[in-house]
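File shown: work11.cif. Contents: mmCIF, N, CA and C atoms.
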```cif
data_start
loop_
_atom_site.label_atom_id
_atom_site.label_comp_id
_atom_site.auth_asym_id
_atom_site.auth_seq_id
_atom_site.Cartn_x
_atom_site.Cartn_y
_atom_site.Cartn_z
N MET A 63 0.84 -1.17 0.00
CA MET A 63 0.00 0.00 0.00
C MET A 63 0.88 1.23 0.00
N ARG A 64 0.66 2.11 -0.93
CA ARG A 64 1.47 3.32 -1.03
C ARG A 64 0.80 4.44 -0.25
N PRO A 65 1.61 5.28 0.40
CA PRO A 65 1.03 6.40 1.13
C PRO A 65 0.38 7.41 0.18
N VAL A 66 -0.65 8.04 0.65
CA VAL A 66 -1.35 9.06 -0.12
C VAL A 66 -0.74 10.41 0.20
N ARG A 67 -0.44 11.18 -0.82
CA ARG A 67 0.13 12.51 -0.60
C ARG A 67 -0.97 13.49 -0.26
N ARG A 68 -0.75 14.23 0.79
CA ARG A 68 -1.67 15.30 1.17
C ARG A 68 -0.83 16.53 1.45
N GLY A 69 -1.06 17.55 0.71
CA GLY A 69 -0.29 18.77 0.92
C GLY A 69 1.04 18.69 0.22
N SER A 70 1.86 19.65 0.50
CA SER A 70 3.15 19.75 -0.16
C SER A 70 4.10 20.56 0.70
N PRO A 71 5.40 20.24 0.67
CA PRO A 71 6.34 21.05 1.41
C PRO A 71 6.66 22.36 0.71
N ARG A 72 6.08 22.59 -0.46
CA ARG A 72 6.36 23.81 -1.22
C ARG A 72 5.71 25.01 -0.56
N PRO A 73 6.38 26.14 -0.59
CA PRO A 73 5.77 27.35 -0.05
C PRO A 73 4.66 27.85 -0.97
N ALA A 74 3.79 28.66 -0.41
CA ALA A 74 2.72 29.26 -1.21
C ALA A 74 3.33 30.18 -2.26
N PRO A 75 2.67 30.35 -3.41
CA PRO A 75 3.19 31.26 -4.43
C PRO A 75 3.41 32.65 -3.86
N GLY A 76 4.57 33.20 -4.12
CA GLY A 76 4.90 34.53 -3.65
C GLY A 76 5.47 34.57 -2.24
N ALA A 77 5.48 33.45 -1.54
CA ALA A 77 6.02 33.42 -0.18
C ALA A 77 7.54 33.50 -0.22
N ALA A 78 8.10 34.14 0.77
CA ALA A 78 9.55 34.23 0.86
C ALA A 78 10.13 32.88 1.25
N VAL A 79 11.19 32.48 0.59
CA VAL A 79 11.85 31.21 0.88
C VAL A 79 13.26 31.50 1.33
N THR A 80 13.63 30.94 2.45
CA THR A 80 14.99 31.13 2.95
C THR A 80 15.79 29.87 2.69
N ALA A 81 17.09 30.01 2.66
CA ALA A 81 17.97 28.86 2.47
C ALA A 81 17.87 27.94 3.68
N ALA A 82 17.98 26.67 3.42
CA ALA A 82 17.91 25.69 4.51
C ALA A 82 19.19 25.75 5.34
N PRO A 83 19.05 25.66 6.66
CA PRO A 83 20.25 25.59 7.49
C PRO A 83 21.07 24.38 7.11
N ALA A 84 22.36 24.47 7.29
CA ALA A 84 23.27 23.38 6.94
C ALA A 84 22.93 22.10 7.69
N SER A 85 22.28 22.22 8.84
CA SER A 85 21.96 21.03 9.63
C SER A 85 20.86 20.19 9.01
N ILE A 86 20.01 20.77 8.18
CA ILE A 86 18.91 20.00 7.59
C ILE A 86 19.43 18.95 6.61
N PRO A 87 20.28 19.30 5.63
CA PRO A 87 20.83 18.23 4.78
C PRO A 87 21.62 17.20 5.58
N ALA A 88 22.32 17.63 6.61
CA ALA A 88 23.08 16.68 7.44
C ALA A 88 22.14 15.71 8.15
N ALA A 89 21.00 16.21 8.62
CA ALA A 89 20.02 15.34 9.27
C ALA A 89 19.46 14.32 8.28
N LEU A 90 19.21 14.75 7.05
CA LEU A 90 18.70 13.83 6.03
C LEU A 90 19.75 12.80 5.65
N GLU A 91 21.01 13.19 5.62
CA GLU A 91 22.09 12.23 5.33
C GLU A 91 22.20 11.21 6.45
N ALA A 92 22.01 11.64 7.70
CA ALA A 92 22.04 10.71 8.84
C ALA A 92 20.89 9.71 8.73
N LEU A 93 19.73 10.17 8.29
CA LEU A 93 18.59 9.28 8.09
C LEU A 93 18.89 8.27 6.99
N ALA A 94 19.47 8.73 5.90
CA ALA A 94 19.83 7.82 4.80
C ALA A 94 20.76 6.72 5.30
N ALA A 95 21.72 7.08 6.13
CA ALA A 95 22.65 6.09 6.68
C ALA A 95 21.92 5.12 7.60
N ALA A 96 20.97 5.62 8.38
CA ALA A 96 20.22 4.76 9.32
C ALA A 96 19.31 3.79 8.58
N LEU A 97 18.84 4.14 7.39
CA LEU A 97 17.96 3.25 6.65
C LEU A 97 18.69 2.01 6.16
N GLY A 98 19.95 2.13 5.84
CA GLY A 98 20.74 0.97 5.45
C GLY A 98 20.60 0.60 3.98
N PRO A 99 21.21 -0.54 3.61
CA PRO A 99 21.31 -0.93 2.20
C PRO A 99 20.01 -1.43 1.57
N GLY A 100 18.97 -1.68 2.34
CA GLY A 100 17.71 -2.15 1.79
C GLY A 100 16.91 -1.05 1.10
N PHE A 101 17.40 0.18 1.22
CA PHE A 101 16.71 1.32 0.64
C PHE A 101 17.65 2.12 -0.24
N SER A 102 17.12 2.63 -1.34
CA SER A 102 17.85 3.57 -2.19
C SER A 102 17.42 4.97 -1.75
N THR A 103 18.38 5.84 -1.50
CA THR A 103 18.06 7.19 -1.04
C THR A 103 18.71 8.22 -1.94
N THR A 104 18.02 9.33 -2.14
CA THR A 104 18.55 10.44 -2.92
C THR A 104 18.24 11.73 -2.17
N LEU A 105 19.28 12.48 -1.84
CA LEU A 105 19.10 13.78 -1.20
C LEU A 105 18.91 14.82 -2.29
N VAL A 106 17.80 15.54 -2.22
CA VAL A 106 17.47 16.55 -3.23
C VAL A 106 17.49 17.92 -2.57
N CYS A 107 18.39 18.78 -3.02
CA CYS A 107 18.49 20.16 -2.52
C CYS A 107 18.41 21.10 -3.72
N ARG A 108 17.33 21.86 -3.79
CA ARG A 108 17.16 22.81 -4.89
C ARG A 108 16.92 24.19 -4.31
N ASP A 109 17.41 25.20 -5.02
CA ASP A 109 17.19 26.58 -4.58
C ASP A 109 15.70 26.87 -4.45
N GLY A 110 15.33 27.50 -3.35
CA GLY A 110 13.96 27.89 -3.15
C GLY A 110 13.02 26.80 -2.69
N ARG A 111 13.54 25.59 -2.47
CA ARG A 111 12.70 24.47 -2.03
C ARG A 111 13.32 23.81 -0.80
N ARG A 112 12.49 23.20 -0.01
CA ARG A 112 12.95 22.51 1.19
C ARG A 112 13.72 21.25 0.78
N PRO A 113 14.92 21.03 1.34
CA PRO A 113 15.65 19.79 1.04
C PRO A 113 14.80 18.59 1.43
N ARG A 114 14.93 17.50 0.67
CA ARG A 114 14.16 16.30 0.96
C ARG A 114 14.97 15.07 0.61
N LEU A 115 14.61 13.98 1.24
CA LEU A 115 15.24 12.70 0.98
C LEU A 115 14.19 11.81 0.32
N THR A 116 14.48 11.37 -0.89
CA THR A 116 13.61 10.42 -1.55
C THR A 116 14.09 9.03 -1.16
N VAL A 117 13.16 8.20 -0.67
CA VAL A 117 13.49 6.87 -0.17
C VAL A 117 12.70 5.84 -0.98
N VAL A 118 13.40 4.85 -1.53
CA VAL A 118 12.77 3.79 -2.30
C VAL A 118 13.21 2.45 -1.71
N ASP A 119 12.24 1.59 -1.40
CA ASP A 119 12.54 0.24 -0.93
C ASP A 119 13.08 -0.55 -2.11
N ARG A 120 14.25 -1.12 -1.99
CA ARG A 120 14.87 -1.84 -3.11
C ARG A 120 14.11 -3.10 -3.51
N HIS A 121 13.32 -3.67 -2.60
CA HIS A 121 12.61 -4.91 -2.91
C HIS A 121 11.21 -4.66 -3.45
N THR A 122 10.47 -3.75 -2.85
CA THR A 122 9.08 -3.52 -3.24
C THR A 122 8.91 -2.36 -4.20
N ARG A 123 9.90 -1.50 -4.29
CA ARG A 123 9.86 -0.28 -5.10
C ARG A 123 8.89 0.76 -4.55
N ALA A 124 8.37 0.54 -3.35
CA ALA A 124 7.54 1.55 -2.70
C ALA A 124 8.43 2.74 -2.37
N ALA A 125 7.88 3.95 -2.45
CA ALA A 125 8.70 5.15 -2.27
C ALA A 125 7.97 6.18 -1.42
N THR A 126 8.76 7.05 -0.81
CA THR A 126 8.23 8.19 -0.07
C THR A 126 9.28 9.28 -0.06
N GLU A 127 8.88 10.45 0.36
CA GLU A 127 9.81 11.57 0.56
C GLU A 127 9.74 11.99 2.00
N VAL A 128 10.89 12.37 2.53
CA VAL A 128 10.98 12.83 3.91
C VAL A 128 11.76 14.14 3.91
N CYS A 129 11.28 15.09 4.70
CA CYS A 129 11.97 16.37 4.88
C CYS A 129 12.39 16.49 6.33
N ALA A 130 13.29 17.40 6.60
CA ALA A 130 13.63 17.77 7.97
C ALA A 130 13.27 19.24 8.12
N ASP A 131 12.60 19.57 9.20
CA ASP A 131 12.19 20.96 9.35
C ASP A 131 13.09 21.71 10.33
N GLU A 132 12.83 23.01 10.43
CA GLU A 132 13.65 23.88 11.28
C GLU A 132 13.38 23.65 12.76
N HIS A 133 12.42 22.80 13.09
CA HIS A 133 12.12 22.47 14.49
C HIS A 133 12.78 21.18 14.93
N GLY A 134 13.62 20.61 14.07
CA GLY A 134 14.35 19.40 14.43
C GLY A 134 13.51 18.14 14.32
N ARG A 135 12.63 18.07 13.31
CA ARG A 135 11.79 16.89 13.12
C ARG A 135 11.91 16.39 11.69
N TYR A 136 11.83 15.06 11.54
CA TYR A 136 11.68 14.47 10.20
C TYR A 136 10.18 14.49 9.91
N VAL A 137 9.81 15.06 8.77
CA VAL A 137 8.39 15.18 8.43
C VAL A 137 8.12 14.65 7.03
N TRP A 138 6.92 14.11 6.88
CA TRP A 138 6.42 13.71 5.58
C TRP A 138 5.51 14.82 5.09
N PRO A 139 5.40 15.02 3.79
CA PRO A 139 4.46 16.02 3.28
C PRO A 139 3.01 15.64 3.54
N TRP A 140 2.74 14.38 3.83
CA TRP A 140 1.38 13.86 3.91
C TRP A 140 0.98 13.33 5.29
N ALA A 141 1.83 13.48 6.29
CA ALA A 141 1.53 12.89 7.60
C ALA A 141 2.20 13.69 8.72
N PRO A 142 1.84 13.41 9.96
CA PRO A 142 2.51 14.06 11.09
C PRO A 142 4.00 13.70 11.12
N PRO A 143 4.81 14.45 11.88
CA PRO A 143 6.25 14.16 11.95
C PRO A 143 6.54 12.71 12.32
N ALA A 144 7.60 12.16 11.73
CA ALA A 144 7.99 10.77 11.96
C ALA A 144 8.84 10.62 13.22
N ALA A 145 9.74 11.56 13.48
CA ALA A 145 10.65 11.47 14.62
C ALA A 145 11.46 12.76 14.69
N VAL A 146 12.22 12.90 15.75
CA VAL A 146 13.11 14.05 15.87
C VAL A 146 14.42 13.75 15.15
N THR A 147 15.07 14.79 14.63
CA THR A 147 16.29 14.59 13.84
C THR A 147 17.46 14.08 14.67
N SER A 148 17.37 14.20 15.98
CA SER A 148 18.46 13.66 16.82
C SER A 148 18.35 12.14 16.97
N ASP A 149 17.29 11.54 16.40
CA ASP A 149 17.08 10.10 16.50
C ASP A 149 16.73 9.51 15.12
N PRO A 150 17.72 9.47 14.20
CA PRO A 150 17.42 8.96 12.86
C PRO A 150 17.02 7.49 12.84
N ALA A 151 17.44 6.70 13.83
CA ALA A 151 17.07 5.28 13.86
C ALA A 151 15.56 5.12 14.04
N THR A 152 14.95 5.94 14.88
CA THR A 152 13.50 5.88 15.07
C THR A 152 12.77 6.29 13.78
N ALA A 153 13.27 7.31 13.12
CA ALA A 153 12.68 7.74 11.85
C ALA A 153 12.83 6.63 10.81
N ALA A 154 13.98 5.96 10.78
CA ALA A 154 14.19 4.86 9.83
C ALA A 154 13.20 3.73 10.07
N ARG A 155 12.92 3.41 11.33
CA ARG A 155 11.93 2.38 11.64
C ARG A 155 10.53 2.81 11.19
N ALA A 156 10.19 4.08 11.37
CA ALA A 156 8.88 4.58 10.93
C ALA A 156 8.75 4.49 9.42
N ILE A 157 9.79 4.85 8.70
CA ILE A 157 9.77 4.78 7.23
C ILE A 157 9.66 3.33 6.78
N THR A 158 10.38 2.44 7.45
CA THR A 158 10.31 1.02 7.12
C THR A 158 8.89 0.50 7.32
N ARG A 159 8.22 0.92 8.40
CA ARG A 159 6.83 0.48 8.64
C ARG A 159 5.90 0.97 7.53
N VAL A 160 6.16 2.16 6.99
CA VAL A 160 5.31 2.70 5.92
C VAL A 160 5.57 1.96 4.61
N LEU A 161 6.83 1.71 4.30
CA LEU A 161 7.17 1.10 3.02
C LEU A 161 7.08 -0.42 3.03
N ARG A 162 7.15 -1.02 4.22
CA ARG A 162 7.04 -2.47 4.38
C ARG A 162 6.06 -2.77 5.52
N PRO A 163 4.79 -2.53 5.31
CA PRO A 163 3.82 -2.66 6.42
C PRO A 163 3.69 -4.07 6.98
N TRP A 164 4.12 -5.08 6.26
CA TRP A 164 4.01 -6.46 6.72
C TRP A 164 5.18 -6.89 7.60
N SER A 165 6.26 -6.09 7.67
CA SER A 165 7.43 -6.52 8.45
C SER A 165 7.42 -5.97 9.86
#
```
Kindly present the structure from the file in structure tokens form.
Amino acid sequence: MRPVRRGSPRPAPGAAVTAAPASIPAALEALAAALGPGFSTTLVCRDGRRPRLTVVDRHTRAATEVCADEHGRYVWPWAPPAAVTSDPATAARAITRVLRPWS
């Protein structure tokens, strides 16, 4: 079962966008490391957009995106926060439950 997208991490048209703090990409890289080799991860950082980690299960091909916010949380665009950025292992378990609900 694939998650349903609700909302978007994109700012409203005309809204001011600030550069992401250096800690946000680092938090996403820590999450990628915590997920391990069973997942393919891609860190996406574009000007004017919130950095995000695209996560794909190598076995099922199920995918999701995860962002880190300025409040120190890993967040999905479609659900409440997954975990705090100081605990990437907990976020990795939450992502695994979403992408592999039977395990």
For the file shown, what are the residues hit by the PyMOL selection byres ((chain A and resi 100) around 8), laid out as a list of chain:residue names?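 On the file shown, the PyMOL selection byres ((chain A and resi 100) around 8) covers A:Leu97, A:Gly98, A:Pro99, A:Phe101, A:Ser102, A:Thr103, A:Val118, A:Asp119, A:Arg120, A:His121.
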Set the distance at 5 Å and use only N, CA and C atoms: which residues neighbour A:Arg135 once local chain neighbours fewer than 3 positions away are removed? I'd like the list as a count of residues only. 5
Of the candidates A:Val128, A:Val137, A:Leu161, A:Cys107, which shows the shortest atom-to-atom distance to A:Pro87, using only C-alpha atoms?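 Closest residue, counting only C-alpha atoms: A:Cys107.
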Explicit residues for the PyMOL selection byres ((chain A and resi 96) around 8) (as a ChimeraX atom specification): /A:90-95,97-99,150-155
Atom pair atom N of A:Thr122 / atom C of A:Val106: separation (Å): 22.8 Å
Check what the PyMOL selection byres ((chain A and resi 115) around 6) selects in the file above and give those residues as a PyMOL selection string. chain A and resi 104-106+113-114+116-117+126-129
